[in-house]
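Novice: Handing you this structure, nothing more for now.
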Amino acid sequence: MANIIEQFAFSLSLVAPIFFIISLGFILKRIKWIDTHFIDITSRLVFNVALPAMLFLSIATADHNFSQATDFLAFSVVMTVAFFVFCLVSTKLVFKGSPDNGVLIQGSFRANTAIIGIAYIEKAFGSQGLALAAIYVAVITVVYNIQAVICLSPRTSESKLHSIKVIFLNLAKNPLIIAIALGVGVSLLNITLPSVVIDTGNYLSRIALPLALLCTGGSLDFRMMRDEKFPTWFAAANKLLVAPFAFTFIGYLYGFRGVELGILFFMNAAPVAAASYAMTQAAGGNTTLSANIIGLTTLFSSITVCLGSLVLKILGLI
């Protein structure tokens, strides 16, 4: 019994700080201590400076052989594509002919790996897990964007091809992916970073996740959740129940344990990424439905992570 209480305390320690900071962002926005302008500016600072610095440093200074991670990354890509196919088929079967199918499919598979997923990993495994998780984010972000184009773009092959070209151009300029690529390069070449670079990076790293989580909370608007209730719950169930269970269970059968299995669980138990709203808006989709899915999954992700991590910890798998 004492052991179960100890494991439950561990699970709460993962979820509670992240949940409280997101909640604080939501409250500060409602009492007008922060506004949309603050969130926009701070999000740019996090995305372009602080988060890239954290990911670069976590990889560049990690004692990890990334060449041995290819099997894990290949498995993650195959599972991500397979789950996308599952979401596509299940959505079209349940919502036959719905114009919102693309929004529902994206809301079922696209996780907030770069902020909330990374926050869970950093809390659970520290710098060792963070380095491998950063590589996971870079690879899966590419897959997510291609899948989003497939489900959101018009049916003509020309428009899809153009959208994919634009996506790859944007990915090539993505600060997170550039930082991760540079970090891998430094690690593979065994370059020793000057202490001043490490110290500066550490200062920036410390502000990355708190600011990112505050902005996540400030961006939530639960007043929009009055509409599209069944489709919202359908996508949320795929994202918070089916995805973490499928990735973790199949990963376990494949032989992953510890950090690798934890990354599969935490990344896929993370809520839907805010980027899905921007892509839905750009594609002329149902933005209210997209916002609903982001809000609901952000609200309930903590429960999935708390219970899931408790089970994995009790079984000795992470």
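Identifiers in the structure tokens: chain A, B, ... in order shown; residue index from 1 per chain; ligand index from 1 in order shown.
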Which residues of region 105-217 of chain A sit at most 10 Å from region 33-46 of chain A, using only C-alpha atoms? Give each one's shortest atom pair and distance in Å (one decimal place), in chain and ascending residue order, as a Markdown table.

Specialist:
| residue | atom | partner | partner_atom | distance |
| --- | --- | --- | --- | --- |
| A:Ile115 | CA | A:Val46 | CA | 9.8 |
| A:Leu204 | CA | A:Val46 | CA | 9.1 |
| A:Ser205 | CA | A:Val46 | CA | 9.5 |
| A:Ile207 | CA | A:Val46 | CA | 8.1 |
| A:Ala208 | CA | A:Val46 | CA | 5.7 |
| A:Leu209 | CA | A:Val46 | CA | 8.1 |
| A:Pro210 | CA | A:Val46 | CA | 9.6 |
| A:Leu211 | CA | A:Val46 | CA | 7.0 |
| A:Ala212 | CA | A:Val46 | CA | 6.3 |
| A:Leu213 | CA | A:Ser43 | CA | 9.7 |
| A:Leu214 | CA | A:Ile39 | CA | 8.4 |
| A:Cys215 | CA | A:Ile39 | CA | 5.4 |
| A:Thr216 | CA | A:Ile39 | CA | 8.6 |
| A:Gly217 | CA | A:Ile39 | CA | 9.7 |

Novice: For region 232-246 of chain A, work out the shell of residues within 6 Å, counting only C-alpha atoms and skipping chain neighbours fewer than 4 positions away, then give it as a compact mmCIF listing (two decimals) with N, CA, C and O atoms, in the first residue's frame.

Specialist:
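Okay, this is what ended up in part_26.txt:
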# COMPACT_ATOMS: atom_id res chain seq x y z
N LEU A 104 -11.46 16.91 -37.38
CA LEU A 104 -11.56 15.84 -36.39
C LEU A 104 -10.35 14.90 -36.46
O LEU A 104 -9.82 14.48 -35.43
N GLY A 107 -7.40 16.66 -34.98
CA GLY A 107 -7.57 16.76 -33.54
C GLY A 107 -7.42 15.43 -32.82
O GLY A 107 -7.24 15.40 -31.60
N SER A 108 -7.46 14.34 -33.57
CA SER A 108 -7.32 13.01 -32.97
C SER A 108 -5.86 12.57 -32.86
O SER A 108 -5.52 11.77 -31.99
N PHE A 109 -4.99 13.08 -33.76
CA PHE A 109 -3.62 12.56 -33.76
C PHE A 109 -2.55 13.57 -33.37
O PHE A 109 -1.47 13.19 -32.89
N ILE A 250 1.79 -1.21 -27.73
CA ILE A 250 2.54 -1.79 -28.85
C ILE A 250 4.04 -1.56 -28.66
O ILE A 250 4.85 -2.43 -29.00
N PHE A 265 4.53 7.18 -24.25
CA PHE A 265 3.31 7.46 -23.48
C PHE A 265 3.07 8.96 -23.31
O PHE A 265 2.00 9.48 -23.65
N ASN A 268 2.20 11.07 -26.46
CA ASN A 268 0.90 10.80 -27.06
C ASN A 268 -0.26 11.01 -26.10
O ASN A 268 -1.42 10.99 -26.51
N ALA A 269 0.06 11.22 -24.81
CA ALA A 269 -0.98 11.60 -23.85
C ALA A 269 -1.08 13.12 -23.72
O ALA A 269 -1.95 13.62 -23.02
N ILE A 293 -11.55 21.13 -29.32
CA ILE A 293 -10.73 19.92 -29.12
C ILE A 293 -9.47 20.28 -28.35
O ILE A 293 -9.06 19.55 -27.43
N THR A 297 -8.94 18.64 -24.57
CA THR A 297 -7.79 17.74 -24.36
C THR A 297 -6.78 18.36 -23.39
O THR A 297 -6.15 17.64 -22.61

Novice: I'd like the contact shell of Pro194 (chain A) - 12 Å cut-off, only C-alpha atoms, skipping same-chain residues fewer than 6 positions apart - returned as a list in words.

Specialist: Leu57, Ala60, Thr61, Thr200 and Gly201 of chain A

Novice: Using the selection just defined, write its residues with all heavy atoms as an mmCIF file, in the first residue's frame.

Specialist:
data_model
loop_
_atom_site.group_PDB
_atom_site.id
_atom_site.type_symbol
_atom_site.label_atom_id
_atom_site.label_comp_id
_atom_site.auth_asym_id
_atom_site.auth_seq_id
_atom_site.Cartn_x
_atom_site.Cartn_y
_atom_site.Cartn_z
ATOM 1 N N LEU A 57 20.599 22.668 -26.161
ATOM 2 C CA LEU A 57 21.495 22.380 -25.042
ATOM 3 C C LEU A 57 21.268 20.966 -24.509
ATOM 4 O O LEU A 57 22.234 20.274 -24.148
ATOM 5 C CB LEU A 57 21.270 23.401 -23.928
ATOM 6 C CG LEU A 57 22.459 23.673 -23.004
ATOM 7 C CD1 LEU A 57 23.632 24.210 -23.815
ATOM 8 C CD2 LEU A 57 22.068 24.669 -21.929
ATOM 9 N N ALA A 60 23.040 18.751 -27.161
ATOM 10 C CA ALA A 60 24.481 18.994 -27.322
ATOM 11 C C ALA A 60 25.286 18.562 -26.104
ATOM 12 O O ALA A 60 26.454 18.188 -26.222
ATOM 13 C CB ALA A 60 24.737 20.468 -27.615
ATOM 14 N N THR A 61 24.667 18.606 -24.914
ATOM 15 C CA THR A 61 25.406 18.272 -23.685
ATOM 16 C C THR A 61 25.035 16.904 -23.131
ATOM 17 O O THR A 61 25.525 16.514 -22.066
ATOM 18 C CB THR A 61 25.144 19.337 -22.596
ATOM 19 O OG1 THR A 61 23.734 19.380 -22.309
ATOM 20 C CG2 THR A 61 25.608 20.711 -23.052
ATOM 21 N N THR A 200 24.584 30.534 -20.645
ATOM 22 C CA THR A 200 23.563 31.364 -21.297
ATOM 23 C C THR A 200 22.367 30.512 -21.710
ATOM 24 O O THR A 200 21.205 30.902 -21.507
ATOM 25 C CB THR A 200 24.156 32.057 -22.541
ATOM 26 O OG1 THR A 200 25.291 32.829 -22.156
ATOM 27 C CG2 THR A 200 23.118 32.967 -23.187
ATOM 28 N N GLY A 201 22.658 29.349 -22.288
ATOM 29 C CA GLY A 201 21.587 28.441 -22.685
ATOM 30 C C GLY A 201 20.756 27.973 -21.510
ATOM 31 O O GLY A 201 19.531 27.846 -21.611
#

Novice: Can you tell me, as a list in words, what residues are no more than 12 Å from Gly255 (chain A) when counting only C-alpha atoms, ignoring any on the same chain fewer than 5 positions away?

Specialist: Asp71, Phe72, Phe75, Thr248, Phe249, Ile250, Glu260, Leu261 and Leu317 of chain A

Novice: Please, which residues of region 33-175 of chain A, numbered as in this document, come out alpha helix (DSSP H) from DSSP, as a PDB file with C-alpha atoms, in the first residue's frame?

Specialist:
ATOM      1  CA  THR A  36      -3.557  38.591 -26.232  1.00  0.00           C
ATOM      2  CA  HIS A  37      -0.680  40.896 -27.155  1.00  0.00           C
ATOM      3  CA  PHE A  38       1.425  39.578 -24.255  1.00  0.00           C
ATOM      4  CA  ILE A  39       0.643  35.975 -25.247  1.00  0.00           C
ATOM      5  CA  ASP A  40       1.571  36.610 -28.899  1.00  0.00           C
ATOM      6  CA  ILE A  41       4.874  38.330 -28.059  1.00  0.00           C
ATOM      7  CA  THR A  42       5.820  35.817 -25.364  1.00  0.00           C
ATOM      8  CA  SER A  43       4.935  32.860 -27.592  1.00  0.00           C
ATOM      9  CA  ARG A  44       7.278  34.226 -30.250  1.00  0.00           C
ATOM     10  CA  LEU A  45      10.045  34.650 -27.670  1.00  0.00           C
ATOM     11  CA  LEU A  51      12.676  26.658 -26.423  1.00  0.00           C
ATOM     12  CA  PRO A  52      15.281  26.229 -29.219  1.00  0.00           C
ATOM     13  CA  ALA A  53      18.010  27.037 -26.660  1.00  0.00           C
ATOM     14  CA  MET A  54      16.650  24.403 -24.273  1.00  0.00           C
ATOM     15  CA  LEU A  55      16.374  21.695 -26.941  1.00  0.00           C
ATOM     16  CA  PHE A  56      19.803  22.492 -28.433  1.00  0.00           C
ATOM     17  CA  LEU A  57      21.495  22.380 -25.042  1.00  0.00           C
ATOM     18  CA  SER A  58      19.723  19.205 -23.935  1.00  0.00           C
ATOM     19  CA  ILE A  59      21.045  17.375 -27.018  1.00  0.00           C
ATOM     20  CA  ALA A  60      24.481  18.994 -27.322  1.00  0.00           C
ATOM     21  CA  THR A  70      17.124   4.970 -35.060  1.00  0.00           C
ATOM     22  CA  ASP A  71      15.055   1.878 -34.189  1.00  0.00           C
ATOM     23  CA  PHE A  72      12.991   3.884 -31.684  1.00  0.00           C
ATOM     24  CA  LEU A  73      12.463   6.774 -34.128  1.00  0.00           C
ATOM     25  CA  ALA A  74      11.521   4.428 -36.994  1.00  0.00           C
ATOM     26  CA  PHE A  75       8.995   2.698 -34.723  1.00  0.00           C
ATOM     27  CA  SER A  76       7.569   6.088 -33.692  1.00  0.00           C
ATOM     28  CA  VAL A  77       7.113   7.178 -37.319  1.00  0.00           C
ATOM     29  CA  VAL A  78       5.419   3.904 -38.312  1.00  0.00           C
ATOM     30  CA  MET A  79       3.090   4.085 -35.304  1.00  0.00           C
ATOM     31  CA  THR A  80       2.254   7.745 -35.985  1.00  0.00           C
ATOM     32  CA  VAL A  81       1.317   6.960 -39.587  1.00  0.00           C
ATOM     33  CA  ALA A  82      -0.653   3.850 -38.547  1.00  0.00           C
ATOM     34  CA  PHE A  83      -2.585   5.834 -35.932  1.00  0.00           C
ATOM     35  CA  PHE A  84      -3.305   8.530 -38.526  1.00  0.00           C
ATOM     36  CA  VAL A  85      -4.839   5.863 -40.794  1.00  0.00           C
ATOM     37  CA  PHE A  86      -6.924   4.602 -37.859  1.00  0.00           C
ATOM     38  CA  CYS A  87      -8.173   8.152 -37.139  1.00  0.00           C
ATOM     39  CA  LEU A  88      -8.959   8.738 -40.803  1.00  0.00           C
ATOM     40  CA  VAL A  89     -10.968   5.518 -41.170  1.00  0.00           C
ATOM     41  CA  SER A  90     -12.797   5.748 -37.818  1.00  0.00           C
ATOM     42  CA  THR A  91     -13.741   9.398 -38.352  1.00  0.00           C
ATOM     43  CA  LYS A  92     -15.117   8.758 -41.828  1.00  0.00           C
ATOM     44  CA  LEU A  93     -17.126   5.791 -40.557  1.00  0.00           C
ATOM     45  CA  VAL A  94     -18.661   7.705 -37.628  1.00  0.00           C
ATOM     46  CA  ASN A 101     -13.709  15.307 -40.964  1.00  0.00           C
ATOM     47  CA  GLY A 102     -10.292  16.866 -41.598  1.00  0.00           C
ATOM     48  CA  VAL A 103     -10.504  18.918 -38.394  1.00  0.00           C
ATOM     49  CA  LEU A 104     -11.558  15.843 -36.387  1.00  0.00           C
ATOM     50  CA  ILE A 105      -8.770  13.694 -37.831  1.00  0.00           C
ATOM     51  CA  GLN A 106      -6.116  16.290 -37.031  1.00  0.00           C
ATOM     52  CA  GLY A 107      -7.573  16.756 -33.540  1.00  0.00           C
ATOM     53  CA  SER A 108      -7.316  13.013 -32.970  1.00  0.00           C
ATOM     54  CA  PHE A 109      -3.620  12.557 -33.764  1.00  0.00           C
ATOM     55  CA  ILE A 118       8.535  18.030 -23.473  1.00  0.00           C
ATOM     56  CA  ALA A 119       7.429  19.370 -20.068  1.00  0.00           C
ATOM     57  CA  TYR A 120       6.208  15.904 -19.011  1.00  0.00           C
ATOM     58  CA  ILE A 121       9.444  14.251 -20.200  1.00  0.00           C
ATOM     59  CA  GLU A 122      11.665  16.834 -18.499  1.00  0.00           C
ATOM     60  CA  LYS A 123       9.806  16.328 -15.222  1.00  0.00           C
ATOM     61  CA  ALA A 124       9.867  12.518 -15.446  1.00  0.00           C
ATOM     62  CA  PHE A 125      13.344  11.802 -16.797  1.00  0.00           C
ATOM     63  CA  GLY A 126      15.411  14.996 -16.651  1.00  0.00           C
ATOM     64  CA  SER A 127      18.103  15.842 -19.208  1.00  0.00           C
ATOM     65  CA  GLN A 128      18.638  12.259 -20.405  1.00  0.00           C
ATOM     66  CA  GLY A 129      15.017  11.872 -21.470  1.00  0.00           C
ATOM     67  CA  LEU A 130      14.875  15.430 -22.796  1.00  0.00           C
ATOM     68  CA  ALA A 131      17.640  14.806 -25.351  1.00  0.00           C
ATOM     69  CA  LEU A 132      15.916  11.804 -26.942  1.00  0.00           C
ATOM     70  CA  ALA A 133      12.513  13.513 -26.680  1.00  0.00           C
ATOM     71  CA  ALA A 134      13.859  16.500 -28.654  1.00  0.00           C
ATOM     72  CA  ILE A 135      14.860  14.197 -31.540  1.00  0.00           C
ATOM     73  CA  TYR A 136      11.405  12.615 -31.355  1.00  0.00           C
ATOM     74  CA  VAL A 137       9.794  16.065 -31.600  1.00  0.00           C
ATOM     75  CA  ALA A 138      11.819  16.985 -34.700  1.00  0.00           C
ATOM     76  CA  VAL A 139      10.978  13.773 -36.561  1.00  0.00           C
ATOM     77  CA  ILE A 140       7.309  13.563 -35.576  1.00  0.00           C
ATOM     78  CA  THR A 141       6.692  17.285 -36.290  1.00  0.00           C
ATOM     79  CA  VAL A 142       7.529  16.603 -39.939  1.00  0.00           C
ATOM     80  CA  VAL A 143       5.134  13.626 -39.998  1.00  0.00           C
ATOM     81  CA  TYR A 144       2.375  15.608 -38.254  1.00  0.00           C
ATOM     82  CA  ASN A 145       2.574  18.436 -40.782  1.00  0.00           C
ATOM     83  CA  ILE A 146       2.401  16.113 -43.790  1.00  0.00           C
ATOM     84  CA  GLN A 147      -0.584  14.298 -42.265  1.00  0.00           C
ATOM     85  CA  ALA A 148      -2.308  17.619 -41.513  1.00  0.00           C
ATOM     86  CA  VAL A 149      -1.935  18.647 -45.154  1.00  0.00           C
ATOM     87  CA  ILE A 150      -3.413  15.324 -46.286  1.00  0.00           C
ATOM     88  CA  CYS A 151      -6.512  15.590 -44.081  1.00  0.00           C
ATOM     89  CA  LEU A 152      -7.123  19.363 -44.321  1.00  0.00           C
ATOM     90  CA  SER A 157      -3.463  16.501 -55.966  1.00  0.00           C
ATOM     91  CA  GLU A 158      -2.097  19.867 -57.152  1.00  0.00           C
ATOM     92  CA  SER A 159      -3.245  21.690 -54.011  1.00  0.00           C
ATOM     93  CA  LYS A 160      -1.917  18.935 -51.744  1.00  0.00           C
ATOM     94  CA  LEU A 161       1.447  18.971 -53.512  1.00  0.00           C
ATOM     95  CA  HIS A 162       1.673  22.757 -53.190  1.00  0.00           C
ATOM     96  CA  SER A 163       0.738  22.574 -49.497  1.00  0.00           C
ATOM     97  CA  ILE A 164       3.386  19.923 -48.829  1.00  0.00           C
ATOM     98  CA  LYS A 165       6.038  22.084 -50.540  1.00  0.00           C
ATOM     99  CA  VAL A 166       5.059  25.047 -48.354  1.00  0.00           C
ATOM    100  CA  ILE A 167       5.150  22.833 -45.251  1.00  0.00           C
ATOM    101  CA  PHE A 168       8.698  21.647 -46.002  1.00  0.00           C
ATOM    102  CA  LEU A 169       9.852  25.222 -46.617  1.00  0.00           C
ATOM    103  CA  ASN A 170       8.389  26.274 -43.264  1.00  0.00           C
ATOM    104  CA  LEU A 171       9.938  23.270 -41.514  1.00  0.00           C
ATOM    105  CA  ALA A 172      13.346  24.185 -42.930  1.00  0.00           C
ATOM    106  CA  PRO A 175      13.698  27.359 -35.034  1.00  0.00           C
TER     107      PRO A 175
END

Novice: Work out how far CA of Asp63 (chain A) is from CA of Leu14 (chain A), in Å to one decimal.

Specialist: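 A separation of 23.6 Å between them.
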
Novice: Find the residues near Gly295 (chain A): any atom within 9 Å, counting only C-alpha atoms, skip ones fewer than 4 places away on the same chain, and give them as a ChimeraX atom specification.

Specialist: /A:220-222,224-225,271-272,290-291,299-300

Novice: Using only C-alpha atoms, which of A:Ala278, A:Ala50, A:Leu182, A:Leu28 sits nearest Ile294 (chain A)?

Specialist: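 Distance minimum relative to Ile294 (chain A) lands on A:Ala278.
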
Novice: From the options A:Ala111, A:Cys306, A:Val49, A:Phe26, which residue's atoms come nearest to Tyr203 (chain A), counting only C-alpha atoms?

Specialist: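 Between A:Ala111, A:Cys306, A:Val49, A:Phe26, the residue approaching Tyr203 (chain A) most closely is A:Val49.
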
Novice: From the options A:Gly183, A:Pro231, A:Gly316, A:Gly117, which residue's atoms come nearest to Phe266 (chain A), counting only C-alpha atoms?

Specialist: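 Ranked by minimum distance to Phe266 (chain A), first place goes to A:Gly117.
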